[in-house]
>>> print(open('target-v5.txt').read())   # compact mmCIF, C-alpha atoms
# COMPACT_ATOMS: atom_id res chain seq x y z
CA ASP Q 177 81.07 7.64 31.28
CA ALA Q 178 81.70 8.71 27.74
CA LYS Q 179 78.51 9.04 25.70
CA THR Q 180 78.11 8.56 22.00
CA THR Q 181 76.01 10.34 19.41
CA GLN Q 182 74.96 8.68 16.17
CA PRO Q 183 72.51 9.63 13.41
CA THR Q 184 69.17 7.94 13.85
CA SER Q 185 69.04 6.45 10.39
CA MET Q 186 70.96 6.18 7.11
CA ASP Q 187 70.42 4.69 3.70
CA CYS Q 188 73.02 3.08 1.48
CA ALA Q 189 72.87 1.59 -2.00
CA GLU Q 190 73.77 -2.06 -2.33
CA GLY Q 191 77.41 -2.50 -3.36
CA ARG Q 192 78.44 0.95 -2.20
CA ALA Q 193 80.43 1.77 0.93
CA ALA Q 194 78.43 2.54 4.04
CA ASN Q 195 80.06 5.12 6.31
CA LEU Q 196 78.54 5.30 9.76
CA PRO Q 197 79.71 8.21 11.97
CA CYS Q 198 79.88 8.38 15.74
CA ASN Q 199 80.76 11.24 18.07
CA HIS Q 200 82.31 10.49 21.47
CA SER Q 201 83.78 13.83 22.49
CA THR Q 202 84.11 12.95 26.19
CA ILE Q 203 86.05 9.73 25.67
CA SER Q 204 88.91 9.25 28.09
CA GLY Q 205 92.38 8.12 27.21
CA ASN Q 206 92.06 4.45 28.06
CA GLU Q 207 88.59 3.84 26.66
CA TYR Q 208 88.11 1.80 23.52
CA VAL Q 209 85.49 2.33 20.83
CA TYR Q 210 83.41 -0.74 19.98
CA TRP Q 211 80.98 -1.28 17.14
CA TYR Q 212 78.15 -3.77 17.20
CA ARG Q 213 75.14 -4.35 15.01
CA GLN Q 214 71.80 -5.92 15.70
CA ILE Q 215 69.57 -7.49 13.12
CA HIS Q 216 65.93 -7.67 14.13
CA SER Q 217 65.19 -10.36 16.73
CA GLN Q 218 68.81 -11.41 17.08
CA GLY Q 219 71.50 -10.67 19.65
CA PRO Q 220 74.05 -7.89 19.02
CA GLN Q 221 76.92 -8.95 16.79
CA TYR Q 222 80.43 -7.67 17.50
CA ILE Q 223 82.02 -5.98 14.49
CA ILE Q 224 85.26 -4.25 15.43
CA HIS Q 225 86.97 -2.20 18.13
CA GLY Q 226 89.91 0.18 18.45
CA LEU Q 227 91.76 2.53 20.76
CA LYS Q 228 93.40 5.16 18.56
CA ASN Q 229 94.73 3.49 15.42
CA ASN Q 230 92.61 2.62 12.44
CA GLU Q 231 91.52 -1.02 12.41
CA THR Q 232 90.35 -3.39 9.71
CA ASN Q 233 88.96 -6.90 9.78
CA GLU Q 234 86.96 -9.11 7.45
CA MET Q 235 83.74 -7.27 8.25
CA ALA Q 236 84.63 -3.59 8.36
CA SER Q 237 87.12 -0.80 8.90
CA LEU Q 238 87.21 1.58 11.82
CA ILE Q 239 88.62 5.07 11.42
CA ILE Q 240 89.27 7.01 14.64
CA THR Q 241 90.18 10.69 14.45
CA GLU Q 242 93.47 11.81 15.90
CA ASP Q 243 91.80 13.58 18.84
CA ARG Q 244 89.65 10.43 19.35
CA LYS Q 245 86.49 12.50 19.61
CA SER Q 246 84.80 10.75 16.73
CA SER Q 247 85.01 7.62 14.62
CA THR Q 248 83.57 6.13 11.43
CA LEU Q 249 82.65 2.55 10.73
CA ILE Q 250 83.04 1.63 7.08
CA LEU Q 251 81.34 -1.32 5.43
CA PRO Q 252 83.22 -1.37 2.12
CA HIS Q 253 80.60 -3.08 -0.06
CA ALA Q 254 77.23 -3.05 1.66
CA THR Q 255 74.79 -5.89 0.99
CA LEU Q 256 71.11 -6.26 1.85
CA ARG Q 257 72.14 -8.46 4.77
CA ASP Q 258 73.94 -5.48 6.32
CA THR Q 259 70.59 -3.84 7.03
CA ALA Q 260 70.60 -3.52 10.83
CA VAL Q 261 70.92 -1.14 13.75
CA TYR Q 262 74.56 -0.21 14.31
CA TYR Q 263 75.78 0.76 17.76
CA CYS Q 264 78.89 2.72 18.60
CA ILE Q 265 79.90 2.12 22.21
CA VAL Q 266 82.64 3.38 24.45
CA ARG Q 267 83.71 0.89 27.05
CA VAL Q 268 83.06 1.77 30.66
CA GLY Q 269 86.33 1.29 32.46
CA ASN Q 270 85.55 -0.80 35.51
CA GLN Q 271 85.95 -4.42 36.46
CA GLY Q 272 82.56 -5.36 35.17
CA GLY Q 273 82.99 -3.62 31.88
CA LYS Q 274 79.34 -3.31 31.02
CA LEU Q 275 78.45 -1.96 27.63
CA ILE Q 276 76.07 0.97 27.34
CA PHE Q 277 74.08 0.76 24.13
CA GLY Q 278 72.63 4.02 22.86
CA GLN Q 279 69.92 4.32 20.22
CA GLY Q 280 72.24 3.44 17.36
CA THR Q 281 71.93 4.10 13.63
CA GLU Q 282 69.36 2.18 11.63
CA LEU Q 283 71.10 1.40 8.34
CA SER Q 284 68.92 0.45 5.39
CA VAL Q 285 70.74 -1.03 2.42
CA LYS Q 286 68.61 -0.68 -0.69
CA PRO Q 287 68.91 -2.55 -4.00
CA ASP W 249 84.59 -18.20 16.39
CA VAL W 250 83.15 -17.45 19.80
CA LYS W 251 79.92 -19.25 20.49
CA VAL W 252 77.47 -18.09 23.15
CA THR W 253 74.44 -20.34 23.33
CA GLN W 254 71.21 -19.52 25.09
CA SER W 255 68.99 -22.47 25.89
CA SER W 256 65.75 -21.15 24.39
CA ARG W 257 64.89 -18.61 21.70
CA TYR W 258 61.28 -18.28 22.88
CA LEU W 259 59.76 -19.05 26.26
CA VAL W 260 56.29 -18.55 27.71
CA LYS W 261 55.75 -18.80 31.46
CA ARG W 262 53.07 -17.88 33.96
CA THR W 263 53.09 -15.26 36.69
CA GLY W 264 54.64 -16.57 39.89
CA GLU W 265 56.64 -19.35 38.24
CA LYS W 266 60.36 -19.76 38.86
CA VAL W 267 62.11 -19.36 35.52
CA PHE W 268 65.62 -20.47 34.56
CA LEU W 269 67.48 -19.03 31.58
CA GLU W 270 70.68 -20.81 30.68
CA CYS W 271 73.74 -19.53 28.85
CA VAL W 272 76.85 -21.45 27.80
CA GLN W 273 80.03 -20.12 26.16
CA ASP W 274 82.75 -22.21 24.59
CA MET W 275 85.73 -19.83 24.71
CA ASP W 276 86.84 -20.15 28.33
CA HIS W 277 85.88 -16.52 29.02
CA GLU W 278 86.16 -15.25 32.57
CA ASN W 279 83.38 -12.68 32.33
CA MET W 280 79.72 -13.35 31.63
CA PHE W 281 76.76 -10.97 31.55
CA TRP W 282 72.98 -10.96 31.53
CA TYR W 283 71.12 -8.04 29.93
CA ARG W 284 67.53 -7.39 29.09
CA GLN W 285 66.44 -5.38 26.07
CA ASP W 286 63.19 -3.47 25.88
CA PRO W 287 61.93 -1.07 23.19
CA GLY W 288 62.99 2.47 23.92
CA LEU W 289 65.16 1.44 26.88
CA GLY W 290 68.07 -0.22 25.12
CA LEU W 291 70.10 -2.93 26.83
CA ARG W 292 70.20 -2.89 30.60
CA LEU W 293 72.62 -4.94 32.66
CA ILE W 294 71.02 -7.28 35.20
CA TYR W 295 73.99 -9.19 36.62
CA PHE W 296 77.51 -10.10 35.64
CA SER W 297 80.11 -12.56 36.82
CA TYR W 298 83.88 -12.27 36.56
CA ASP W 299 84.71 -15.73 37.86
CA VAL W 300 83.16 -18.98 38.95
CA LYS W 301 80.84 -18.47 41.94
CA MET W 302 81.38 -14.70 41.74
CA LYS W 303 78.62 -12.29 40.81
CA GLU W 304 77.97 -8.57 40.79
CA LYS W 305 74.70 -6.69 40.52
CA GLY W 306 74.11 -4.64 37.46
CA ASP W 307 71.67 -1.78 37.06
CA ILE W 308 68.41 -3.71 37.46
CA PRO W 309 68.96 -6.81 39.63
CA GLU W 310 65.64 -6.70 41.47
CA GLY W 311 63.58 -9.81 40.92
CA TYR W 312 66.51 -11.77 39.48
CA SER W 313 69.32 -13.95 40.75
CA VAL W 314 72.18 -15.71 38.99
CA SER W 315 74.30 -18.80 39.34
CA ARG W 316 77.74 -19.59 38.01
CA GLU W 317 78.90 -23.00 39.18
CA LYS W 318 81.07 -23.70 36.13
CA LYS W 319 83.12 -21.29 34.08
CA GLU W 320 81.25 -21.91 30.86
CA ARG W 321 77.72 -21.61 32.24
CA PHE W 322 75.85 -18.61 33.61
CA SER W 323 72.22 -18.96 34.63
CA LEU W 324 69.64 -16.24 35.18
CA ILE W 325 66.80 -17.02 37.57
CA LEU W 326 63.51 -15.21 37.87
CA GLU W 327 62.49 -16.12 41.40
CA SER W 328 58.79 -15.37 40.92
CA ALA W 329 58.05 -14.24 37.39
CA SER W 330 55.97 -11.13 36.87
CA THR W 331 54.49 -9.61 33.73
CA ASN W 332 56.97 -6.70 33.81
CA GLN W 333 59.73 -9.21 33.25
CA THR W 334 58.46 -9.93 29.76
CA SER W 335 61.45 -8.99 27.65
CA MET W 336 64.30 -10.09 25.40
CA TYR W 337 67.11 -11.52 27.55
CA LEU W 338 70.65 -11.47 26.22
CA CYS W 339 73.68 -13.28 27.55
CA ALA W 340 77.23 -12.19 26.72
CA SER W 341 80.75 -13.25 27.54
CA ARG W 342 84.22 -11.84 27.11
CA ASN W 343 87.80 -12.32 28.11
CA GLN W 344 89.72 -10.03 30.45
CA GLY W 345 90.81 -6.50 29.69
CA PHE W 346 89.27 -4.65 26.78
CA GLN W 347 88.28 -7.66 24.73
CA PRO W 348 84.81 -7.35 23.18
CA GLN W 349 81.70 -8.95 24.55
CA HIS W 350 80.09 -11.62 22.41
CA PHE W 351 76.35 -12.12 22.61
CA GLY W 352 74.00 -15.03 22.26
CA ASP W 353 70.92 -14.89 20.05
CA GLY W 354 68.67 -13.97 22.97
CA THR W 355 65.65 -15.48 24.68
CA ARG W 356 62.34 -13.78 24.12
CA LEU W 357 60.48 -14.41 27.37
CA SER W 358 56.77 -13.79 27.79
CA ILE W 359 55.18 -13.88 31.24
CA LEU W 360 51.41 -14.32 31.13
>>> encode(input="target-v5.txt", output="C-alpha cells")
Amino acid sequence: DAKTTQPTSMDCAEGRAANLPCNHSTISGNEYVYWYRQIHSQGPQYIIHGLKNNETNEMASLIITEDRKSSTLILPHATLRDTAVYYCIVRVGNQGGKLIFGQGTELSVKP
Amino acid sequence: DVKVTQSSRYLVKRTGEKVFLECVQDMDHENMFWYRQDPGLGLRLIYFSYDVKMKEKGDIPEGYSVSREKKERFSLILESASTNQTSMYLCASRNQGFQPQHFGDGTRLSIL
C-alpha cells in the first residue's frame, strides 16, 4: 500500500493561497490521490482527487508531479473556515477500497 | 450533492447494551463503510458492504456486526457495548471504481 507523508502543521494568511504538499513515492500506476479535510468534531469532507493530470474544482486545485511521487493541494484564497486537518490519501486498490488516513496536515488560517 | 446521514451526533449507552448506529445515503451508492476514529489512531475500518446483504470485515470487526437490508441503509451493531468502544463512528459511501468516499458527520458514542 502506498503511504503518504505530509507536514504536521502549516499556517496561512487569510486571503492568500494555501499550498499543502504530500509525498507518495511508492504510489503504483493505477492508484489515485485523494484529498480530504476534517474540521473538528465533523466527518471528513471530500475535496478533490486525481490520477496524473492536474485537477480543479470549486474548492481547490490538485497538482500532481509528472512522476506521480508527490502532489500539492492548493486552496486559492484561504478563509478562516478552511482551518482544518487536511489528509492526502492514496487509494488502496482492492474491492473494498478502504481509505487509509495518515496524520494529515493541520492548517491554521490566520487573519 | 451527496448526502450521508447518521442517525445521531451524540449517543450515551451503558456497558452490555446492544447499540444500533444507522447510516443512510441518498446517492444510490453500491459501497458503504463504517469506520471508527480515535485520537492518535486515525480512522480504522470496521466493516464495509459492496451490495445489499453483502458485507466484508475490515481491520477491527471484533465486537461489531453490520446489516444492509436496503441499498441506502447500512447499520452498525455493537452486540454488547464495552467501554473500549467509546469512539467517534463514521459512515461513508461511494460508487464503484475510484469514485471518492463521502462521509457523514459522525456519531460520538460514549459507553459508560
>>> atom_distance(input="target-v5.txt", atom1="CA of His350 (chain W)", atom2="CA of Lys251 (chain W)")
7.9 Å
>>> interface_residues(input="target-v5.txt", of="chain Q", to="chain W", cutoff="12 Å", atoms="all atoms listed in the file", output="PyMOL selection string")
chain Q and resi 206-227+261+263+265-280
>>> residues_around(input="target-v5.txt", residues="Val300 (chain W)", least_positions_apart="2", cutoff="6 Å", atoms="all atoms listed in the file", output="PDB file with C-alpha atoms, in the coordinates of the input")
ATOM      1  CA  MET W 302      81.380 -14.700  41.740  1.00  0.00           C
ATOM      2  CA  ARG W 316      77.740 -19.590  38.010  1.00  0.00           C
ATOM      3  CA  GLU W 317      78.900 -23.000  39.180  1.00  0.00           C
ATOM      4  CA  LYS W 318      81.070 -23.700  36.130  1.00  0.00           C
ATOM      5  CA  LYS W 319      83.120 -21.290  34.080  1.00  0.00           C
TER       6      LYS W 319
END
>>> closest_residue(input="target-v5.txt", among="W:Gln254, W:Thr263, W:His277, W:Glu270", to="Asn343 (chain W)", atoms="only C-alpha atoms")
W:His277
>>> atom_distance(input="target-v5.txt", atom1="CA of Ser335 (chain W)", atom2="CA of Thr184 (chain Q)")
23.2 Å
>>> atom_distance(input="target-v5.txt", atom1="CA of Gly264 (chain W)", atom2="CA of Glu320 (chain W)")
28.6 Å
>>> closest_residue(input="target-v5.txt", among="Q:Asn230, Q:Ser237, Q:Thr181, Q:Thr281", to="Ala193 (chain Q)", atoms="all atoms listed in the file")
Q:Ser237
>>> residues_around(input="target-v5.txt", residues="Leu269 (chain W)", least_positions_apart="5", cutoff="9 Å", atoms="only C-alpha atoms", output="count of residues only")
10
>>> residues_around(input="target-v5.txt", residues="region 197-204 of chain Q", least_positions_apart="2", cutoff="8 Å", atoms="only C-alpha atoms", output="VMD selection string")
chain Q and resid 177 to 183 195 206 to 207 244 to 249 264 266
>>> closest_residue(input="target-v5.txt", among="W:Ser313, W:Ser341, W:Ser358, W:Asn332", to="Gln273 (chain W)", atoms="all atoms listed in the file")
W:Ser341
>>> axis_aligned_box(input="target-v5.txt", around="region 318-325 of chain W", padding_each_side="4 Å", output="lines of an AutoDock Vina configuration file")
center_x = 75.0
center_y = -20.0
center_z = 34.2
size_x = 24.3
size_y = 15.5
size_z = 14.7
>>> decode(input="target-v5.txt", residues="chain W", atoms="C-alpha atoms", output="PDB file, in the first residue's frame")
ATOM      1  CA  ASP W 249     -24.576  16.894  -3.525  1.00  0.00           C
ATOM      2  CA  VAL W 250     -24.063  13.538  -1.874  1.00  0.00           C
ATOM      3  CA  LYS W 251     -25.757  13.241   1.476  1.00  0.00           C
ATOM      4  CA  VAL W 252     -24.716  10.665   4.066  1.00  0.00           C
ATOM      5  CA  THR W 253     -26.832  10.902   7.190  1.00  0.00           C
ATOM      6  CA  GLN W 254     -26.014   9.300  10.503  1.00  0.00           C
ATOM      7  CA  SER W 255     -28.910   8.931  12.893  1.00  0.00           C
ATOM      8  CA  SER W 256     -27.310  10.528  15.954  1.00  0.00           C
ATOM      9  CA  ARG W 257     -24.499  13.031  16.517  1.00  0.00           C
ATOM     10  CA  TYR W 258     -24.101  12.073  20.178  1.00  0.00           C
ATOM     11  CA  LEU W 259     -25.096   8.896  21.974  1.00  0.00           C
ATOM     12  CA  VAL W 260     -24.561   7.646  25.516  1.00  0.00           C
ATOM     13  CA  LYS W 261     -25.105   3.983  26.345  1.00  0.00           C
ATOM     14  CA  ARG W 262     -24.286   1.602  29.164  1.00  0.00           C
ATOM     15  CA  THR W 263     -21.916  -1.353  29.231  1.00  0.00           C
ATOM     16  CA  GLY W 264     -23.580  -4.518  27.973  1.00  0.00           C
ATOM     17  CA  GLU W 265     -26.296  -2.765  25.979  1.00  0.00           C
ATOM     18  CA  LYS W 266     -26.936  -3.605  22.337  1.00  0.00           C
ATOM     19  CA  VAL W 267     -26.328  -0.444  20.324  1.00  0.00           C
ATOM     20  CA  PHE W 268     -27.516   0.367  16.810  1.00  0.00           C
ATOM     21  CA  LEU W 269     -25.914   3.070  14.678  1.00  0.00           C
ATOM     22  CA  GLU W 270     -27.762   3.900  11.492  1.00  0.00           C
ATOM     23  CA  CYS W 271     -26.470   5.394   8.259  1.00  0.00           C
ATOM     24  CA  VAL W 272     -28.435   6.396   5.163  1.00  0.00           C
ATOM     25  CA  GLN W 273     -27.126   7.683   1.819  1.00  0.00           C
ATOM     26  CA  ASP W 274     -29.194   9.240  -0.926  1.00  0.00           C
ATOM     27  CA  MET W 275     -26.980   8.703  -3.982  1.00  0.00           C
ATOM     28  CA  ASP W 276     -27.676   5.052  -4.812  1.00  0.00           C
ATOM     29  CA  HIS W 277     -24.079   4.105  -3.951  1.00  0.00           C
ATOM     30  CA  GLU W 278     -23.137   0.443  -4.020  1.00  0.00           C
ATOM     31  CA  ASN W 279     -20.422   0.637  -1.378  1.00  0.00           C
ATOM     32  CA  MET W 280     -20.851   1.651   2.241  1.00  0.00           C
ATOM     33  CA  PHE W 281     -18.338   1.723   5.092  1.00  0.00           C
ATOM     34  CA  TRP W 282     -18.140   2.000   8.856  1.00  0.00           C
ATOM     35  CA  TYR W 283     -15.007   3.460  10.465  1.00  0.00           C
ATOM     36  CA  ARG W 284     -14.117   4.484  13.960  1.00  0.00           C
ATOM     37  CA  GLN W 285     -11.801   7.372  14.738  1.00  0.00           C
ATOM     38  CA  ASP W 286      -9.722   7.611  17.885  1.00  0.00           C
ATOM     39  CA  PRO W 287      -7.039  10.157  18.840  1.00  0.00           C
ATOM     40  CA  GLY W 288      -3.627   9.035  17.687  1.00  0.00           C
ATOM     41  CA  LEU W 289      -5.017   6.040  15.790  1.00  0.00           C
ATOM     42  CA  GLY W 290      -6.657   7.735  12.831  1.00  0.00           C
ATOM     43  CA  LEU W 291      -9.599   6.145  11.046  1.00  0.00           C
ATOM     44  CA  ARG W 292      -9.896   2.386  11.217  1.00  0.00           C
ATOM     45  CA  LEU W 293     -12.238   0.355   9.040  1.00  0.00           C
ATOM     46  CA  ILE W 294     -14.706  -1.839  10.920  1.00  0.00           C
ATOM     47  CA  TYR W 295     -16.875  -3.287   8.144  1.00  0.00           C
ATOM     48  CA  PHE W 296     -17.864  -2.473   4.605  1.00  0.00           C
ATOM     49  CA  SER W 297     -20.546  -3.598   2.202  1.00  0.00           C
ATOM     50  CA  TYR W 298     -20.410  -3.636  -1.588  1.00  0.00           C
ATOM     51  CA  ASP W 299     -24.012  -4.665  -2.174  1.00  0.00           C
ATOM     52  CA  VAL W 300     -27.269  -5.341  -0.411  1.00  0.00           C
ATOM     53  CA  LYS W 301     -26.909  -8.200   2.096  1.00  0.00           C
ATOM     54  CA  MET W 302     -23.164  -8.380   1.388  1.00  0.00           C
ATOM     55  CA  LYS W 303     -20.551  -7.489   3.971  1.00  0.00           C
ATOM     56  CA  GLU W 304     -16.820  -7.764   4.465  1.00  0.00           C
ATOM     57  CA  LYS W 305     -14.768  -7.441   7.622  1.00  0.00           C
ATOM     58  CA  GLY W 306     -12.429  -4.540   7.901  1.00  0.00           C
ATOM     59  CA  ASP W 307      -9.434  -4.239  10.183  1.00  0.00           C
ATOM     60  CA  ILE W 308     -11.229  -4.228  13.544  1.00  0.00           C
ATOM     61  CA  PRO W 309     -14.530  -6.139  13.281  1.00  0.00           C
ATOM     62  CA  GLU W 310     -14.422  -7.754  16.717  1.00  0.00           C
ATOM     63  CA  GLY W 311     -17.375  -6.772  18.866  1.00  0.00           C
ATOM     64  CA  TYR W 312     -19.333  -5.374  15.914  1.00  0.00           C
ATOM     65  CA  SER W 313     -21.750  -6.634  13.307  1.00  0.00           C
ATOM     66  CA  VAL W 314     -23.481  -4.918  10.392  1.00  0.00           C
ATOM     67  CA  SER W 315     -26.689  -5.136   8.441  1.00  0.00           C
ATOM     68  CA  ARG W 316     -27.530  -3.979   4.948  1.00  0.00           C
ATOM     69  CA  GLU W 317     -31.081  -4.916   4.023  1.00  0.00           C
ATOM     70  CA  LYS W 318     -31.617  -1.974   1.658  1.00  0.00           C
ATOM     71  CA  LYS W 319     -29.130  -0.299  -0.632  1.00  0.00           C
ATOM     72  CA  GLU W 320     -29.374   3.090   1.016  1.00  0.00           C
ATOM     73  CA  ARG W 321     -29.033   1.942   4.631  1.00  0.00           C
ATOM     74  CA  PHE W 322     -26.073   0.430   6.471  1.00  0.00           C
ATOM     75  CA  SER W 323     -26.339  -0.301  10.178  1.00  0.00           C
ATOM     76  CA  LEU W 324     -23.558  -0.914  12.669  1.00  0.00           C
ATOM     77  CA  ILE W 325     -24.407  -3.016  15.706  1.00  0.00           C
ATOM     78  CA  LEU W 326     -22.472  -3.252  18.929  1.00  0.00           C
ATOM     79  CA  GLU W 327     -23.638  -6.606  20.243  1.00  0.00           C
ATOM     80  CA  SER W 328     -22.675  -5.937  23.868  1.00  0.00           C
ATOM     81  CA  ALA W 329     -21.204  -2.486  24.294  1.00  0.00           C
ATOM     82  CA  SER W 330     -17.965  -2.102  26.206  1.00  0.00           C
ATOM     83  CA  THR W 331     -16.102   0.979  27.380  1.00  0.00           C
ATOM     84  CA  ASN W 332     -13.333   0.460  24.801  1.00  0.00           C
ATOM     85  CA  GLN W 333     -15.919   1.057  22.107  1.00  0.00           C
ATOM     86  CA  THR W 334     -16.267   4.676  23.152  1.00  0.00           C
ATOM     87  CA  SER W 335     -15.291   6.475  19.978  1.00  0.00           C
ATOM     88  CA  MET W 336     -16.325   8.618  17.016  1.00  0.00           C
ATOM     89  CA  TYR W 337     -18.065   6.413  14.437  1.00  0.00           C
ATOM     90  CA  LEU W 338     -18.073   7.482  10.804  1.00  0.00           C
ATOM     91  CA  CYS W 339     -20.141   6.121   7.958  1.00  0.00           C
ATOM     92  CA  ALA W 340     -19.152   6.595   4.316  1.00  0.00           C
ATOM     93  CA  SER W 341     -20.444   5.631   0.912  1.00  0.00           C
ATOM     94  CA  ARG W 342     -19.169   5.688  -2.638  1.00  0.00           C
ATOM     95  CA  ASN W 343     -19.913   4.491  -6.112  1.00  0.00           C
ATOM     96  CA  GLN W 344     -17.932   1.829  -7.948  1.00  0.00           C
ATOM     97  CA  GLY W 345     -14.401   2.191  -9.231  1.00  0.00           C
ATOM     98  CA  PHE W 346     -12.236   5.018  -7.992  1.00  0.00           C
ATOM     99  CA  GLN W 347     -15.002   7.395  -7.027  1.00  0.00           C
ATOM    100  CA  PRO W 348     -14.386   9.149  -3.699  1.00  0.00           C
ATOM    101  CA  GLN W 349     -15.952   8.153  -0.435  1.00  0.00           C
ATOM    102  CA  HIS W 350     -18.346  10.626   1.129  1.00  0.00           C
ATOM    103  CA  PHE W 351     -18.680  10.735   4.889  1.00  0.00           C
ATOM    104  CA  GLY W 352     -21.428  11.509   7.326  1.00  0.00           C
ATOM    105  CA  ASP W 353     -20.949  13.908  10.228  1.00  0.00           C
ATOM    106  CA  GLY W 354     -20.178  11.084  12.644  1.00  0.00           C
ATOM    107  CA  THR W 355     -21.682   9.728  15.838  1.00  0.00           C
ATOM    108  CA  ARG W 356     -19.784  10.360  19.033  1.00  0.00           C
ATOM    109  CA  LEU W 357     -20.608   7.320  21.149  1.00  0.00           C
ATOM    110  CA  SER W 358     -19.848   7.096  24.846  1.00  0.00           C
ATOM    111  CA  ILE W 359     -20.166   3.794  26.687  1.00  0.00           C
ATOM    112  CA  LEU W 360     -20.415   4.199  30.455  1.00  0.00           C
TER     113      LEU W 360
END
